[in-house]
$ cat query-v1.csv   # CSV, C-alpha atoms
chain,number,residue,atom,x,y,z
J,1,MET,CA,101.1,86.9,83.4
J,2,ARG,CA,100.4,90.1,85.3
J,3,SER,CA,97.3,92.0,84.0
J,4,GLU,CA,97.5,95.7,83.1
J,5,ALA,CA,95.2,96.5,86.0
J,6,GLU,CA,97.4,94.7,88.5
J,7,ASN,CA,100.5,96.4,87.0
J,8,ARG,CA,99.0,99.8,87.6
J,9,ILE,CA,97.7,99.0,91.0
J,10,SER,CA,101.1,97.7,92.0
J,11,GLY,CA,102.7,100.7,90.4
J,12,CYS,CA,100.5,103.0,92.6
J,13,LEU,CA,101.2,101.2,95.9
J,14,LEU,CA,104.8,100.6,95.2
J,15,GLY,CA,105.3,104.1,93.9
J,16,GLY,CA,103.8,105.5,97.1
J,17,ALA,CA,106.0,103.4,99.3
J,18,VAL,CA,109.1,104.3,97.3
J,19,GLY,CA,108.3,108.0,97.7
J,20,ASP,CA,107.6,107.5,101.3
J,21,ALA,CA,111.0,105.8,101.8
J,22,LEU,CA,112.8,108.4,99.8
J,23,GLY,CA,111.3,111.3,101.8
J,24,ALA,CA,111.4,109.8,105.3
J,25,PRO,CA,115.0,110.7,106.2
J,26,ILE,CA,114.4,114.4,105.4
J,27,GLU,CA,110.9,114.8,106.7
J,28,PHE,CA,111.8,117.0,109.5
J,29,MET,CA,114.6,118.9,107.8
J,30,LYS,CA,114.6,122.5,106.4
J,31,LEU,CA,115.6,122.9,102.8
J,32,ASP,CA,118.9,124.6,103.6
J,33,GLU,CA,119.8,121.7,105.8
J,34,ILE,CA,118.9,119.1,103.1
J,35,ARG,CA,121.1,120.9,100.7
J,36,ARG,CA,124.0,121.2,103.1
J,37,ARG,CA,123.9,117.5,103.8
J,38,PHE,CA,123.1,116.1,100.3
J,39,GLY,CA,124.2,118.8,97.9
J,40,PRO,CA,122.5,121.5,95.9
J,41,ASP,CA,120.1,119.1,94.2
J,42,GLY,CA,119.0,117.7,97.6
J,43,LEU,CA,118.5,114.0,98.4
J,44,LEU,CA,118.5,111.9,95.2
J,45,GLU,CA,118.7,108.4,96.5
J,46,PHE,CA,117.6,106.3,99.4
J,47,THR,CA,119.6,107.0,102.5
J,48,PRO,CA,119.4,105.7,106.1
J,49,GLY,CA,116.8,107.6,108.0
J,50,TYR,CA,115.4,108.0,111.5
J,51,VAL,CA,114.1,104.4,111.4
J,52,GLY,CA,117.5,103.0,110.4
J,53,GLY,CA,118.3,101.0,107.2
J,54,ILE,CA,117.7,101.8,103.6
J,55,GLY,CA,114.3,101.9,101.9
J,56,LYS,CA,112.3,102.0,105.1
J,57,ILE,CA,108.6,103.1,104.9
J,58,THR,CA,106.7,105.1,107.4
J,59,ASP,CA,103.2,105.3,108.9
J,60,ASP,CA,102.0,106.6,105.5
J,61,THR,CA,102.6,103.3,103.8
J,62,GLN,CA,101.5,101.4,106.9
J,63,MET,CA,98.1,103.1,106.9
J,64,THR,CA,97.7,102.8,103.2
J,65,LEU,CA,98.1,99.0,103.5
J,66,PHE,CA,95.6,98.9,106.3
J,67,THR,CA,93.2,101.0,104.2
J,68,ALA,CA,93.6,98.3,101.5
J,69,GLU,CA,93.0,95.6,104.0
J,70,GLY,CA,89.8,97.2,105.2
J,71,ILE,CA,88.5,97.4,101.6
J,72,LEU,CA,89.3,93.8,101.0
J,73,ARG,CA,87.7,92.7,104.2
J,74,GLY,CA,84.6,94.8,103.5
J,75,ARG,CA,84.4,93.1,100.1
J,76,ALA,CA,84.6,89.7,101.7
J,77,ARG,CA,82.0,90.6,104.3
J,78,TRP,CA,79.6,91.8,101.5
J,79,ALA,CA,80.1,88.5,99.6
J,80,GLN,CA,79.6,86.4,102.7
J,81,ARG,CA,76.7,88.3,104.4
J,82,GLY,CA,75.2,90.6,101.8
J,83,ILE,CA,75.5,93.6,104.2
J,84,CYS,CA,78.4,95.9,105.0
J,85,HIS,CA,79.3,99.4,106.1
J,86,PRO,CA,82.7,99.8,104.4
J,87,PRO,CA,83.9,102.8,106.4
J,88,SER,CA,83.4,100.8,109.6
J,89,VAL,CA,85.4,97.9,108.2
J,90,VAL,CA,88.2,100.3,107.3
J,91,HIS,CA,88.0,101.7,110.8
J,92,ALA,CA,88.5,98.3,112.2
J,93,ALA,CA,91.6,97.9,110.0
J,94,TYR,CA,92.9,101.2,111.4
J,95,MET,CA,92.4,99.9,114.9
J,96,ARG,CA,94.6,96.9,114.0
J,97,TRP,CA,97.2,99.3,112.7
J,98,LEU,CA,97.0,101.1,116.1
J,99,VAL,CA,97.9,97.9,117.9
J,100,THR,CA,101.0,97.6,115.7
J,101,GLN,CA,102.0,101.0,117.1
J,102,GLY,CA,102.2,99.7,120.6
J,103,GLU,CA,98.8,101.3,121.5
J,104,LYS,CA,95.9,99.7,123.4
J,105,ALA,CA,92.9,99.6,121.1
J,106,ASN,CA,89.2,99.2,121.8
J,107,PRO,CA,88.5,95.5,121.1
J,108,ALA,CA,85.8,96.5,118.5
J,109,TYR,CA,88.6,96.3,115.9
J,110,SER,CA,87.7,92.6,115.5
J,111,ARG,CA,85.5,90.0,117.2
J,112,GLY,CA,87.4,90.6,120.4
J,113,GLU,CA,90.0,88.0,119.5
J,114,GLU,CA,93.6,88.3,120.7
J,115,PRO,CA,95.9,88.8,119.0
J,116,PRO,CA,94.3,90.9,116.2
J,117,ASP,CA,93.3,88.7,113.3
J,118,GLY,CA,93.9,88.7,109.6
J,119,TRP,CA,97.0,88.2,107.4
J,120,LEU,CA,98.3,91.7,107.1
J,121,ILE,CA,99.0,92.1,110.8
J,122,THR,CA,101.1,88.9,110.9
J,123,ASN,CA,103.8,90.7,109.0
J,124,GLN,CA,106.2,91.7,111.7
J,125,GLU,CA,107.8,94.5,109.8
J,126,LEU,CA,104.6,96.4,110.3
J,127,TRP,CA,105.0,96.3,114.1
J,128,SER,CA,107.2,99.3,114.2
J,129,ARG,CA,106.4,102.9,115.1
J,130,ARG,CA,107.4,105.2,112.3
J,131,ALA,CA,106.6,108.7,113.6
J,132,PRO,CA,102.8,108.3,113.2
J,133,GLY,CA,100.7,111.4,113.1
J,134,ALA,CA,99.5,112.5,116.5
J,135,THR,CA,96.0,113.1,115.3
J,136,CYS,CA,95.6,109.6,113.9
J,137,ILE,CA,96.9,108.0,117.1
J,138,ALA,CA,94.7,110.2,119.3
J,139,ALA,CA,91.5,109.7,117.3
J,140,LEU,CA,91.9,106.0,117.0
J,141,ARG,CA,92.8,105.6,120.7
J,142,ALA,CA,89.6,107.5,121.5
J,143,THR,CA,87.4,105.3,119.3
J,144,ALA,CA,84.3,104.1,121.1
J,145,GLN,CA,82.3,102.9,118.1
J,146,LEU,CA,83.4,101.7,114.6
J,147,GLY,CA,82.4,104.1,111.9
J,148,ALA,CA,82.0,107.1,114.3
J,149,PRO,CA,83.7,110.3,113.1
J,150,ALA,CA,86.5,111.9,115.1
J,151,THR,CA,85.6,114.9,117.2
J,152,ASN,CA,88.8,117.0,116.6
J,153,ASP,CA,89.2,119.9,114.2
J,154,SER,CA,92.3,118.7,112.4
J,155,LYS,CA,93.0,118.9,108.7
J,156,GLY,CA,96.4,117.2,108.8
J,157,CYS,CA,97.6,115.3,105.8
J,158,GLY,CA,97.0,112.0,107.6
J,159,THR,CA,93.8,111.8,105.6
J,160,VAL,CA,95.2,112.1,102.0
J,161,MET,CA,98.3,110.0,102.4
J,162,ARG,CA,96.4,106.8,103.0
J,163,VAL,CA,93.3,106.8,100.7
J,164,ALA,CA,94.8,105.7,97.4
J,165,PRO,CA,93.5,102.1,97.7
J,166,ILE,CA,90.0,103.5,97.8
J,167,GLY,CA,90.4,105.1,94.4
J,168,LEU,CA,92.1,102.0,93.0
J,169,VAL,CA,88.8,100.0,93.5
J,170,GLY,CA,86.6,103.1,92.9
J,171,SER,CA,85.3,101.9,89.5
J,172,THR,CA,84.1,98.6,91.0
J,173,ASN,CA,81.5,97.8,93.6
J,174,ALA,CA,84.1,97.1,96.3
J,175,ASN,CA,83.1,100.1,98.3
J,176,GLU,CA,79.5,98.9,98.2
J,177,GLY,CA,77.3,101.9,97.7
J,178,PHE,CA,80.0,104.5,98.2
J,179,SER,CA,81.7,106.4,95.4
J,180,ALA,CA,85.5,106.8,95.7
J,181,PHE,CA,84.9,110.4,96.8
J,182,GLU,CA,82.3,109.5,99.4
J,183,MET,CA,84.4,106.6,100.7
J,184,GLY,CA,87.5,108.9,100.9
J,185,VAL,CA,85.5,111.4,102.9
J,186,GLU,CA,84.0,108.9,105.3
J,187,THR,CA,87.2,107.1,106.1
J,188,SER,CA,89.0,110.4,106.5
J,189,LYS,CA,86.4,111.5,109.0
J,190,LEU,CA,87.4,108.6,111.2
J,191,THR,CA,90.5,110.5,112.3
J,192,HIS,CA,90.2,114.1,111.1
J,193,GLY,CA,87.2,116.3,111.8
J,194,HIS,CA,88.0,119.5,109.8
J,195,PRO,CA,86.0,119.6,106.5
J,196,THR,CA,89.1,120.5,104.5
J,197,GLY,CA,90.9,117.4,105.9
J,198,TYR,CA,88.2,114.9,105.0
J,199,LEU,CA,87.1,116.6,101.7
J,200,ALA,CA,90.8,116.5,100.6
J,201,GLY,CA,90.7,112.8,101.3
J,202,GLY,CA,87.7,112.5,99.1
J,203,TYR,CA,89.3,114.5,96.4
J,204,PHE,CA,92.5,112.4,96.3
J,205,ALA,CA,90.5,109.1,96.3
J,206,GLN,CA,88.4,110.4,93.4
J,207,LEU,CA,91.5,111.6,91.5
J,208,ILE,CA,93.0,108.1,91.8
J,209,ALA,CA,89.7,106.5,90.6
J,210,LEU,CA,89.6,108.8,87.6
J,211,LEU,CA,93.2,107.9,86.6
J,212,VAL,CA,92.2,104.2,86.9
J,213,SER,CA,89.3,104.9,84.6
J,214,GLY,CA,91.7,106.1,81.9
J,215,LEU,CA,91.6,109.9,82.1
J,216,ASP,CA,94.9,111.7,81.6
J,217,LEU,CA,96.3,113.4,84.6
J,218,ARG,CA,95.5,117.0,84.0
J,219,ARG,CA,91.8,116.2,83.1
J,220,ALA,CA,91.5,113.9,86.1
J,221,VAL,CA,93.0,116.6,88.4
J,222,LEU,CA,90.2,119.0,87.3
J,223,ASP,CA,87.4,116.5,87.1
J,224,ALA,CA,88.0,115.2,90.5
J,225,LEU,CA,86.9,118.5,91.9
J,226,GLU,CA,83.3,117.9,90.6
J,227,PRO,CA,82.0,116.1,93.7
J,228,LEU,CA,83.0,119.1,95.8
J,229,GLY,CA,80.5,121.2,93.8
J,230,ASP,CA,80.1,124.7,95.2
J,231,ASN,CA,80.2,123.5,98.8
J,232,THR,CA,81.8,126.3,100.8
J,233,ASP,CA,83.7,123.8,103.0
J,234,GLY,CA,85.5,122.7,99.8
J,235,GLY,CA,87.0,126.1,99.1
J,236,GLU,CA,90.5,125.4,100.5
J,237,VAL,CA,90.7,122.1,98.5
J,238,ARG,CA,89.5,123.8,95.3
J,239,ASP,CA,91.9,126.7,95.8
J,240,ALA,CA,94.9,124.4,96.5
J,241,VAL,CA,94.3,122.3,93.4
J,242,ALA,CA,93.8,125.4,91.2
J,243,GLY,CA,97.0,126.8,92.5
J,244,ALA,CA,98.9,123.6,91.6
J,245,VAL,CA,97.4,123.6,88.1
J,246,GLN,CA,98.2,127.3,87.5
J,247,LEU,CA,101.8,126.8,88.8
J,248,SER,CA,102.3,123.9,86.5
J,249,ASP,CA,100.9,125.8,83.5
J,250,ALA,CA,103.1,128.8,84.2
J,251,GLY,CA,106.2,126.8,83.5
J,252,GLY,CA,109.4,128.2,85.0
J,253,GLU,CA,112.2,126.6,86.9
J,254,LEU,CA,111.4,123.4,88.7
J,255,ARG,CA,113.0,124.1,92.0
J,256,ALA,CA,112.2,123.4,95.6
J,257,GLU,CA,111.3,127.0,96.2
J,258,THR,CA,108.6,126.7,93.5
J,259,VAL,CA,107.1,123.7,95.2
J,260,GLU,CA,107.2,125.4,98.6
J,261,SER,CA,105.1,128.2,97.3
J,262,LEU,CA,102.2,125.7,97.5
J,263,GLY,CA,102.9,125.1,101.2
J,264,ALA,CA,104.8,122.6,103.4
J,265,GLY,CA,102.4,119.6,103.0
J,266,TRP,CA,101.7,119.2,106.7
J,267,ILE,CA,98.0,119.9,106.1
J,268,ALA,CA,95.8,118.0,103.7
J,269,GLU,CA,95.2,120.6,101.0
J,270,GLU,CA,98.8,121.5,100.8
J,271,ALA,CA,99.9,117.9,100.4
J,272,VAL,CA,97.4,117.5,97.6
J,273,ALA,CA,98.6,120.6,95.9
J,274,ILE,CA,102.3,119.6,96.1
J,275,SER,CA,101.7,116.0,94.9
J,276,VAL,CA,99.5,117.1,92.0
J,277,TYR,CA,102.0,119.8,90.9
J,278,CYS,CA,105.0,117.5,91.1
J,279,ALA,CA,103.1,114.8,89.1
J,280,LEU,CA,102.0,117.3,86.5
J,281,VAL,CA,105.5,118.7,85.8
J,282,ALA,CA,107.5,115.5,86.4
J,283,ARG,CA,109.7,114.4,83.6
J,284,ASP,CA,109.5,110.8,84.9
J,285,PHE,CA,108.9,109.0,88.2
J,286,GLU,CA,112.3,109.7,89.7
J,287,HIS,CA,112.1,113.4,88.9
J,288,GLY,CA,108.6,113.8,90.3
J,289,VAL,CA,109.2,112.1,93.7
J,290,ARG,CA,112.5,113.8,94.2
J,291,LEU,CA,110.8,117.2,93.5
J,292,ALA,CA,108.1,116.3,96.0
J,293,ALA,CA,110.5,115.1,98.7
J,294,ASN,CA,113.1,117.9,98.7
J,295,ILE,CA,111.1,120.5,100.6
J,296,SER,CA,111.0,122.0,104.1
J,297,GLY,CA,107.9,120.1,105.0
J,298,ASP,CA,106.2,116.7,105.1
J,299,SER,CA,108.6,115.2,102.7
J,300,ASP,CA,107.6,111.5,103.0
J,301,SER,CA,103.8,112.3,102.6
J,302,THR,CA,104.2,114.6,99.6
J,303,ALA,CA,106.7,112.2,97.9
J,304,SER,CA,104.5,109.2,98.7
J,305,MET,CA,101.4,110.8,97.1
J,306,ALA,CA,103.3,112.0,94.1
J,307,GLY,CA,104.7,108.5,93.8
J,308,GLN,CA,101.2,107.0,93.9
J,309,LEU,CA,100.1,109.2,91.1
J,310,LEU,CA,103.1,108.6,88.9
J,311,GLY,CA,103.3,104.9,89.7
J,312,LEU,CA,99.6,104.5,88.7
J,313,ILE,CA,100.1,106.4,85.5
J,314,GLY,CA,103.3,104.6,84.5
J,315,GLY,CA,102.9,101.2,86.1
J,316,GLU,CA,105.5,99.4,88.1
J,317,ALA,CA,108.0,99.6,85.2
J,318,ALA,CA,108.2,103.4,85.8
J,319,ILE,CA,109.8,102.8,89.2
J,320,PRO,CA,113.6,102.4,89.2
J,321,ASP,CA,114.6,98.8,89.9
J,322,ARG,CA,117.3,99.9,92.3
J,323,TRP,CA,114.7,101.5,94.5
J,324,LEU,CA,112.3,98.5,94.4
J,325,ALA,CA,115.1,96.1,95.3
J,326,GLN,CA,115.7,98.0,98.5
J,327,LEU,CA,112.1,98.7,99.4
J,328,GLU,CA,110.8,97.4,102.8
J,329,LEU,CA,107.7,95.3,102.6
J,330,ARG,CA,107.8,95.0,98.8
J,331,ALA,CA,106.4,91.5,98.7
J,332,VAL,CA,103.6,92.5,101.1
J,333,ILE,CA,102.7,95.5,98.9
J,334,GLU,CA,102.7,93.3,95.7
J,335,GLN,CA,100.4,90.8,97.4
J,336,ILE,CA,98.0,93.5,98.4
J,337,ALA,CA,98.0,94.8,94.8
J,338,ARG,CA,97.2,91.3,93.5
J,339,ASP,CA,94.4,91.0,96.0
J,340,LEU,CA,92.8,94.3,95.2
J,341,GLU,CA,92.8,93.4,91.5
J,342,MET,CA,91.7,89.7,91.9
J,343,SER,CA,89.1,89.5,94.7
J,344,GLY,CA,88.6,85.9,95.9
J,345,ALA,CA,91.5,84.5,93.9
J,346,ASP,CA,94.7,82.9,95.2
J,347,GLY,CA,93.5,82.5,98.8
J,348,ALA,CA,92.5,86.2,99.2
J,349,ASP,CA,89.4,85.3,101.2
J,350,ALA,CA,91.4,83.5,103.8
J,351,ARG,CA,93.7,86.5,104.2
J,352,TYR,CA,90.8,88.9,104.7
J,353,PRO,CA,88.1,87.4,106.9
J,354,GLY,CA,84.7,89.1,106.4
J,355,TRP,CA,84.0,90.4,109.9
$ encode --input "query-v1.csv" --output "structure tokens"
Amino acid sequence: MRSEAENRISGCLLGGAVGDALGAPIEFMKLDEIRRRFGPDGLLEFTPGYVGGIGKITDDTQMTLFTAEGILRGRARWAQRGICHPPSVVHAAYMRWLVTQGEKANPAYSRGEEPPDGWLITNQELWSRRAPGATCIAALRATAQLGAPATNDSKGCGTVMRVAPIGLVGSTNANEGFSAFEMGVETSKLTHGHPTGYLAGGYFAQLIALLVSGLDLRRAVLDALEPLGDNTDGGEVRDAVAGAVQLSDAGGELRAETVESLGAGWIAEEAVAISVYCALVARDFEHGVRLAANISGDSDSTASMAGQLLGLIGGEAAIPDRWLAQLELRAVIEQIARDLEMSGADGADARYPGW
């Protein structure tokens, strides 16, 4: 029987993938175009997108899964060797993702073996380029040393859309010496050099961890700001979260124009604000991810992050069966969820070699 912890982890990862798949076909559309094509309420169901087919995920879910793989392989390395630098192991996982995008990666992503090793990358559906963020591609392509931060000044949402697995294990020792916030920051630095970008990654990982610990959403949203302290660099993240909370408290009509007052989601703090707002005001999972998706902005990322929050809170049962039935990589996502919850069980160590 599935444990409550696995149900919530699965809900978070599947919820994120469902939001990603819902928002992907309209990611590059303006709101008026969305309404002309799908009606005044916008896109309500899965529809074929730029990647073809129904229920197709994007780079957001791909990178989320590789984040989880990095955590699991770091956990295995620690168990086998008693030493590990988790951000570097996650970095190696991102290098494996880079290879699936048709890019040439520094062989430091593994032990120099060809092809890249591990179970996750054997899933051929991942070997598909789904409009990946230019910053992530460029930063990983330029990697000379695992664990080294990127040298750009980007604060794109490529940090926040992928860090949920860090928060899912944040209350355990799986990050070996790193809090969820610290791990979110350090892994975000691997591709994005602007403080707002990597601090937003730390914030969202911490928010997920606090929800796992049992806090209600509103309290978790506010308490997750604590690691930022009064750091000047965290001002944009604090302001974005405050704006989302104030907007949700104000009530009013839940319309796309209201969501868009928080931004378009292309940059990290705006994606955080939109996903937090939509989760706070959501009547249920469907309502929340639809609200996050139907905007003139980064629809797949904002809906994915809202889906992660709402799926974690409500568990897998909160996600409509009709969406799960059509979701690409569902079985892979569910296996990752089991492995995150049950380290070392059911062959997990063989799937995630500790190097």
$ residues_around --input "query-v1.csv" --residues "Ala318 in chain J" --least-positions-apart "2" --cutoff "10 Å" --atoms "only C-alpha atoms" --output "PyMOL selection string"
chain J and resi 11+15+284-286+310-316+320-321
$ closest_atom_pairs --input "query-v1.csv" --of "range 94-197 of chain J" --to "range 347-353 of chain J" --cutoff "12 Å" --atoms "all atoms listed in the file" --output "tab-separated table"
residue	atom	partner	partner_atom	distance
J:Ser110	CA	J:Pro353	CA	10.1
J:Arg111	CA	J:Pro353	CA	10.9
J:Pro116	CA	J:Pro353	CA	11.7
J:Asp117	CA	J:Pro353	CA	8.3
J:Gly118	CA	J:Tyr352	CA	5.8
J:Trp119	CA	J:Arg351	CA	4.9
J:Leu120	CA	J:Arg351	CA	7.5
J:Ile121	CA	J:Arg351	CA	10.1
J:Thr122	CA	J:Arg351	CA	10.3
J:Asn123	CA	J:Arg351	CA	11.9
$ write_last_selection --input "query-v1.csv" --atoms "C-alpha atoms" --output "mmCIF file, keeping the file's coordinate frame"
data_model
loop_
_atom_site.group_PDB
_atom_site.id
_atom_site.type_symbol
_atom_site.label_atom_id
_atom_site.label_comp_id
_atom_site.auth_asym_id
_atom_site.auth_seq_id
_atom_site.Cartn_x
_atom_site.Cartn_y
_atom_site.Cartn_z
ATOM 1 C CA SER J 110 87.700 92.600 115.500
ATOM 2 C CA ARG J 111 85.500 90.000 117.200
ATOM 3 C CA PRO J 116 94.300 90.900 116.200
ATOM 4 C CA ASP J 117 93.300 88.700 113.300
ATOM 5 C CA GLY J 118 93.900 88.700 109.600
ATOM 6 C CA TRP J 119 97.000 88.200 107.400
ATOM 7 C CA LEU J 120 98.300 91.700 107.100
ATOM 8 C CA ILE J 121 99.000 92.100 110.800
ATOM 9 C CA THR J 122 101.100 88.900 110.900
ATOM 10 C CA ASN J 123 103.800 90.700 109.000
#
$ residues_around --input "query-v1.csv" --residues "range 87-92 of chain J" --least-positions-apart "3" --cutoff "7 Å" --atoms "all atoms listed in the file" --output "PyMOL selection string"
chain J and resi 67+70-71+73-74+95-96+109-110+146-147+183+186-187+190
$ residues_around --input "query-v1.csv" --residues "Gly156 in chain J" --least-positions-apart "3" --cutoff "12 Å" --atoms "only C-alpha atoms" --output "PyMOL selection string"
chain J and resi 132-136+152-153+159-162+188-189+191-201+264-272+298+301
$ write_last_selection --input "query-v1.csv" --atoms "C-alpha atoms" --output "PDB file, in the frame of the given file"
ATOM      1  CA  PRO J 132     102.800 108.300 113.200  1.00  0.00           C
ATOM      2  CA  GLY J 133     100.700 111.400 113.100  1.00  0.00           C
ATOM      3  CA  ALA J 134      99.500 112.500 116.500  1.00  0.00           C
ATOM      4  CA  THR J 135      96.000 113.100 115.300  1.00  0.00           C
ATOM      5  CA  CYS J 136      95.600 109.600 113.900  1.00  0.00           C
ATOM      6  CA  ASN J 152      88.800 117.000 116.600  1.00  0.00           C
ATOM      7  CA  ASP J 153      89.200 119.900 114.200  1.00  0.00           C
ATOM      8  CA  THR J 159      93.800 111.800 105.600  1.00  0.00           C
ATOM      9  CA  VAL J 160      95.200 112.100 102.000  1.00  0.00           C
ATOM     10  CA  MET J 161      98.300 110.000 102.400  1.00  0.00           C
ATOM     11  CA  ARG J 162      96.400 106.800 103.000  1.00  0.00           C
ATOM     12  CA  SER J 188      89.000 110.400 106.500  1.00  0.00           C
ATOM     13  CA  LYS J 189      86.400 111.500 109.000  1.00  0.00           C
ATOM     14  CA  THR J 191      90.500 110.500 112.300  1.00  0.00           C
ATOM     15  CA  HIS J 192      90.200 114.100 111.100  1.00  0.00           C
ATOM     16  CA  GLY J 193      87.200 116.300 111.800  1.00  0.00           C
ATOM     17  CA  HIS J 194      88.000 119.500 109.800  1.00  0.00           C
ATOM     18  CA  PRO J 195      86.000 119.600 106.500  1.00  0.00           C
ATOM     19  CA  THR J 196      89.100 120.500 104.500  1.00  0.00           C
ATOM     20  CA  GLY J 197      90.900 117.400 105.900  1.00  0.00           C
ATOM     21  CA  TYR J 198      88.200 114.900 105.000  1.00  0.00           C
ATOM     22  CA  LEU J 199      87.100 116.600 101.700  1.00  0.00           C
ATOM     23  CA  ALA J 200      90.800 116.500 100.600  1.00  0.00           C
ATOM     24  CA  GLY J 201      90.700 112.800 101.300  1.00  0.00           C
ATOM     25  CA  ALA J 264     104.800 122.600 103.400  1.00  0.00           C
ATOM     26  CA  GLY J 265     102.400 119.600 103.000  1.00  0.00           C
ATOM     27  CA  TRP J 266     101.700 119.200 106.700  1.00  0.00           C
ATOM     28  CA  ILE J 267      98.000 119.900 106.100  1.00  0.00           C
ATOM     29  CA  ALA J 268      95.800 118.000 103.700  1.00  0.00           C
ATOM     30  CA  GLU J 269      95.200 120.600 101.000  1.00  0.00           C
ATOM     31  CA  GLU J 270      98.800 121.500 100.800  1.00  0.00           C
ATOM     32  CA  ALA J 271      99.900 117.900 100.400  1.00  0.00           C
ATOM     33  CA  VAL J 272      97.400 117.500  97.600  1.00  0.00           C
ATOM     34  CA  ASP J 298     106.200 116.700 105.100  1.00  0.00           C
ATOM     35  CA  SER J 301     103.800 112.300 102.600  1.00  0.00           C
TER      36      SER J 301
END
$ residues_around --input "query-v1.csv" --residues "Ser248 in chain J" --least-positions-apart "4" --cutoff "8 Å" --atoms "only C-alpha atoms" --output "PyMOL selection string"
chain J and resi 244+277+280-281
$ residues_around --input "query-v1.csv" --residues "Val259 in chain J" --least-positions-apart "2" --cutoff "9 Å" --atoms "only C-alpha atoms" --output "ChimeraX atom specification"
/J:244,247,254-257,261-264,274,277-278,291-292,295
$ closest_residue --input "query-v1.csv" --among "J:Gly49, J:Gly19, J:Gly55, J:Pro25" --to "Leu327 in chain J" --atoms "all atoms listed in the file"
J:Gly55
$ closest_residue --input "query-v1.csv" --among "J:Asp230, J:Glu33, J:Ala205, J:Ile54" --to "Arg322 in chain J" --atoms "only C-alpha atoms"
J:Ile54
$ closest_residue --input "query-v1.csv" --among "J:Arg141, J:Thr258, J:Ile57, J:Asn294" --to "Arg37 in chain J" --atoms "only C-alpha atoms"
J:Asn294
$ closest_residue --input "query-v1.csv" --among "J:Val237, J:Cys84, J:Ala79, J:Leu126" --to "Ile333 in chain J" --atoms "all atoms listed in the file"
J:Leu126
$ closest_residue --input "query-v1.csv" --among "J:Asp233, J:Glu341, J:Asp20, J:Glu6" --to "Val289 in chain J" --atoms "all atoms listed in the file"
J:Asp20
$ closest_residue --input "query-v1.csv" --among "J:Gln101, J:Glu260, J:Phe66, J:Glu125" --to "Gly297 in chain J" --atoms "only C-alpha atoms"
J:Glu260
$ residues_near_point --input "query-v1.csv" --point "(94.2, 118.3, 84.1)" --cutoff "12 Å" --atoms "all atoms listed in the file" --output "list of chain:residue names"
J:Leu207, J:Leu210, J:Leu211, J:Leu215, J:Asp216, J:Leu217, J:Arg218, J:Arg219, J:Ala220, J:Val221, J:Leu222, J:Asp223, J:Ala224, J:Leu225, J:Val241, J:Ala242, J:Ala244, J:Val245, J:Gln246, J:Ser248, J:Asp249, J:Val276, J:Tyr277, J:Ala279, J:Leu280, J:Val281
$ atom_distance --input "query-v1.csv" --atom1 "CA of Ser154 in chain J" --atom2 "CA of Ile34 in chain J"
28.2 Å
$ residues_near_point --input "query-v1.csv" --point "(115.8, 115.3, 94.5)" --cutoff "7 Å" --atoms "only C-alpha atoms" --output "list in words"
Asp41, Gly42, Leu43, Leu44, His287, Arg290, Leu291, Ala293 and Asn294 of chain J
$ atom_distance --input "query-v1.csv" --atom1 "CA of Ala317 in chain J" --atom2 "CA of Val212 in chain J"
16.5 Å
$ atom_distance --input "query-v1.csv" --atom1 "CA of Leu22 in chain J" --atom2 "CA of Ser213 in chain J"
28.2 Å
$ build_atoms --input "query-v1.csv" --residues "range 305-312 of chain J" --atoms "N, CA, C and O atoms" --output "short mmCIF file (atom, residue, chain, number, x, y, z; two decimals), in the frame of the given file"
data_model
loop_
_atom_site.label_atom_id
_atom_site.label_comp_id
_atom_site.auth_asym_id
_atom_site.auth_seq_id
_atom_site.Cartn_x
_atom_site.Cartn_y
_atom_site.Cartn_z
N MET J 305 102.59 110.58 97.93
CA MET J 305 101.40 110.80 97.10
C MET J 305 101.76 111.10 95.66
O MET J 305 101.08 110.63 94.74
N ALA J 306 102.85 111.82 95.43
CA ALA J 306 103.30 112.00 94.10
C ALA J 306 103.69 110.64 93.45
O ALA J 306 103.40 110.36 92.28
N GLY J 307 104.32 109.79 94.25
CA GLY J 307 104.70 108.50 93.80
C GLY J 307 103.47 107.60 93.47
O GLY J 307 103.49 106.80 92.52
N GLN J 308 102.41 107.74 94.24
CA GLN J 308 101.20 107.00 93.90
C GLN J 308 100.61 107.43 92.59
O GLN J 308 100.22 106.58 91.77
N LEU J 309 100.58 108.73 92.33
CA LEU J 309 100.10 109.20 91.10
C LEU J 309 100.92 108.76 89.89
O LEU J 309 100.41 108.21 88.88
N LEU J 310 102.22 108.95 89.99
CA LEU J 310 103.10 108.60 88.90
C LEU J 310 103.25 107.11 88.72
O LEU J 310 103.39 106.62 87.59
N GLY J 311 103.21 106.36 89.80
CA GLY J 311 103.30 104.90 89.70
C GLY J 311 102.01 104.34 89.06
O GLY J 311 102.07 103.36 88.29
N LEU J 312 100.86 104.93 89.36
CA LEU J 312 99.60 104.50 88.70
C LEU J 312 99.64 104.80 87.24
O LEU J 312 99.24 103.97 86.41
#
